[in-house]
>>> print(open('input-v2.tsv').read())   # TSV, C-alpha atoms
chain	number	residue	atom	x	y	z
A	1	MET	CA	-253.39	58.84	137.07
A	2	ILE	CA	-251.51	57.21	134.19
A	3	VAL	CA	-248.63	59.69	134.53
A	4	THR	CA	-248.41	59.01	138.26
A	5	PHE	CA	-248.44	55.27	137.61
A	6	LEU	CA	-245.64	55.59	135.03
A	7	CYS	CA	-243.61	57.83	137.33
A	8	LEU	CA	-243.73	55.16	140.01
A	9	ILE	CA	-243.35	52.00	137.94
A	10	LEU	CA	-240.66	53.19	135.53
A	11	PRO	CA	-238.06	53.99	138.23
A	12	ILE	CA	-238.78	50.72	140.04
A	13	TYR	CA	-238.31	48.82	136.78
A	14	CYS	CA	-235.06	50.67	135.98
A	15	PHE	CA	-233.57	50.02	139.43
A	16	THR	CA	-234.52	46.34	139.18
A	17	VAL	CA	-232.85	45.95	135.78
A	18	LEU	CA	-229.75	47.82	136.96
A	19	GLY	CA	-229.55	45.58	140.04
A	20	ILE	CA	-229.77	42.43	137.93
A	21	ASN	CA	-227.07	43.71	135.56
A	22	GLU	CA	-224.82	44.69	138.47
A	23	LYS	CA	-225.07	41.18	139.89
A	24	LYS	CA	-224.18	39.67	136.51
A	25	ALA	CA	-221.19	42.00	136.20
A	26	ASN	CA	-219.41	40.88	139.40
A	27	PHE	CA	-216.59	38.42	138.68
A	28	THR	CA	-216.03	35.36	140.80
A	29	ALA	CA	-214.15	32.28	139.64
A	30	GLU	CA	-217.16	30.12	140.52
A	31	ARG	CA	-219.57	32.22	138.41
A	32	TRP	CA	-217.02	32.38	135.55
A	33	LEU	CA	-216.89	28.57	135.42
A	34	ALA	CA	-220.58	27.94	136.05
A	35	LYS	CA	-222.11	30.66	133.85
A	36	SER	CA	-220.03	30.80	130.72
A	37	ASP	CA	-222.88	32.61	128.93
A	38	GLU	CA	-222.46	35.57	131.35
A	39	ARG	CA	-218.69	35.95	131.01
A	40	VAL	CA	-219.12	38.91	128.69
A	41	TYR	CA	-220.71	40.82	131.59
A	42	MET	CA	-217.97	39.79	134.07
A	43	ILE	CA	-214.93	40.55	131.93
A	44	ASP	CA	-214.65	44.25	132.79
A	45	ASP	CA	-214.82	43.50	136.53
A	46	LEU	CA	-212.23	40.72	136.15
A	47	LEU	CA	-209.78	42.91	134.26
A	48	SER	CA	-210.21	45.89	136.59
A	49	ARG	CA	-209.68	43.84	139.78
A	50	THR	CA	-207.18	41.20	138.65
A	51	LYS	CA	-203.67	41.84	137.39
A	52	LEU	CA	-203.23	39.20	134.69
A	53	ILE	CA	-199.86	40.40	133.39
A	54	GLY	CA	-197.16	38.50	135.23
A	55	LEU	CA	-199.33	35.52	136.18
A	56	SER	CA	-198.14	32.10	135.12
A	57	LYS	CA	-200.18	30.02	132.70
A	58	GLU	CA	-200.98	27.65	135.56
A	59	GLU	CA	-202.29	30.54	137.70
A	60	VAL	CA	-204.50	31.78	134.85
A	61	ILE	CA	-205.96	28.31	134.36
A	62	MET	CA	-206.55	27.98	138.11
A	63	LEU	CA	-208.42	31.32	138.07
A	64	LEU	CA	-210.36	31.01	134.80
A	65	GLY	CA	-210.47	27.28	134.20
A	66	LYS	CA	-209.41	25.31	131.18
A	67	PRO	CA	-209.28	27.50	128.05
A	68	ASP	CA	-211.76	26.91	125.27
A	69	ALA	CA	-210.68	24.48	122.59
A	70	ILE	CA	-210.91	26.94	119.72
A	71	GLU	CA	-208.42	27.76	116.99
A	72	ARG	CA	-209.61	31.35	116.54
A	73	PHE	CA	-206.93	33.86	117.68
A	74	LYS	CA	-204.80	30.96	118.87
A	75	ASP	CA	-201.11	30.34	118.32
A	76	ASP	CA	-198.43	28.53	120.32
A	77	ASN	CA	-198.25	31.17	123.05
A	78	THR	CA	-201.93	32.06	123.58
A	79	ILE	CA	-204.99	30.74	125.28
A	80	VAL	CA	-208.51	31.86	124.45
A	81	TYR	CA	-211.73	32.09	126.47
A	82	TYR	CA	-215.15	32.57	124.87
A	83	LEU	CA	-216.98	35.45	126.55
A	84	GLY	CA	-220.30	35.43	124.72
A	85	ASN	CA	-222.17	37.58	122.25
A	86	GLU	CA	-220.74	41.01	121.57
A	87	ARG	CA	-221.98	43.73	123.90
A	88	GLY	CA	-223.98	46.53	122.37
A	89	PHE	CA	-227.29	47.24	120.73
A	90	ILE	CA	-226.69	44.98	117.75
A	91	SER	CA	-224.55	41.98	118.67
A	92	ILE	CA	-223.43	40.26	115.51
A	93	ASP	CA	-220.05	38.95	116.61
A	94	SER	CA	-218.71	37.10	119.64
A	95	GLU	CA	-216.21	38.41	122.18
A	96	TRP	CA	-213.12	36.51	123.28
A	97	LEU	CA	-210.44	36.96	125.92
A	98	VAL	CA	-207.08	36.27	124.28
A	99	ILE	CA	-204.08	35.93	126.61
A	100	TRP	CA	-200.51	35.93	125.28
A	101	PHE	CA	-197.62	34.26	127.15
A	102	ASP	CA	-193.88	34.66	126.85
A	103	ASN	CA	-191.52	31.69	126.52
A	104	ALA	CA	-191.52	31.23	130.32
A	105	GLU	CA	-195.34	30.87	130.20
A	106	THR	CA	-195.96	34.16	131.98
A	107	VAL	CA	-198.76	36.48	130.83
A	108	LEU	CA	-197.26	39.04	128.50
A	109	ASN	CA	-200.47	40.72	127.31
A	110	TYR	CA	-204.22	40.18	126.96
A	111	LYS	CA	-207.04	41.64	124.93
A	112	VAL	CA	-210.78	41.34	124.55
A	113	GLN	CA	-211.40	40.78	120.85
A	114	ALA	CA	-214.47	40.46	118.69
A	115	ASP	CA	-214.57	38.22	115.66
>>> encode(input="input-v2.tsv", output="structure tokens")
Amino acid sequence: MIVTFLCLILPIYCFTVLGINEKKANFTAERWLAKSDERVYMIDDLLSRTKLIGLSKEEVIMLLGKPDAIERFKDDNTIVYYLGNERGFISIDSEWLVIWFDNAETVLNYKVQAD
């Protein structure tokens, strides 16, 4: 009886957790702005569906909102967005989206970095 119970409950639990994680992983500009603590889950969907290279700085800010006021990874031609705690079993560091611009303020490159 216990084995039958576990065989029924465990798959239901797994599908529920996977469904919740899938919902968190879908990028929308509204969710990105409203749920900054879930950005780390959305970043892969954002980068796979959105071509950042070639966008203007203004277009990036319209899509992702005002960059975080942080000096980490920042220089004159970058903007930085805090994504949240590092993904993985043991999350010690934070993850950041760093976007580099050329002199014409067009996205040159981007990278997800941990500190």
>>> closest_residue(input="input-v2.tsv", among="A:Lys74, A:Lys66, A:Arg39, A:Arg31", to="Arg87 in chain A", atoms="only C-alpha atoms")
A:Arg39
>>> closest_residue(input="input-v2.tsv", among="A:Gln113, A:Ile2, A:Phe101, A:Gly84", to="Ile53 in chain A", atoms="all atoms listed in the file")
A:Phe101
>>> atom_distance(input="input-v2.tsv", atom1="CA of Gly65 in chain A", atom2="CA of Tyr110 in chain A")
16.1 Å
>>> closest_residue(input="input-v2.tsv", among="A:Phe73, A:Val60, A:Gly54, A:Gly88", to="Val107 in chain A", atoms="only C-alpha atoms")
A:Gly54
>>> closest_residue(input="input-v2.tsv", among="A:Glu71, A:Asp115, A:Glu105, A:Glu86", to="Ile43 in chain A", atoms="all atoms listed in the file")
A:Glu86
>>> closest_residue(input="input-v2.tsv", among="A:Asp93, A:Leu55, A:Asn103, A:Leu63", to="Asp76 in chain A", atoms="only C-alpha atoms")
A:Asn103
>>> closest_residue(input="input-v2.tsv", among="A:Val80, A:Cys7, A:Ala25, A:Leu108", to="Trp96 in chain A", atoms="all atoms listed in the file")
A:Val80
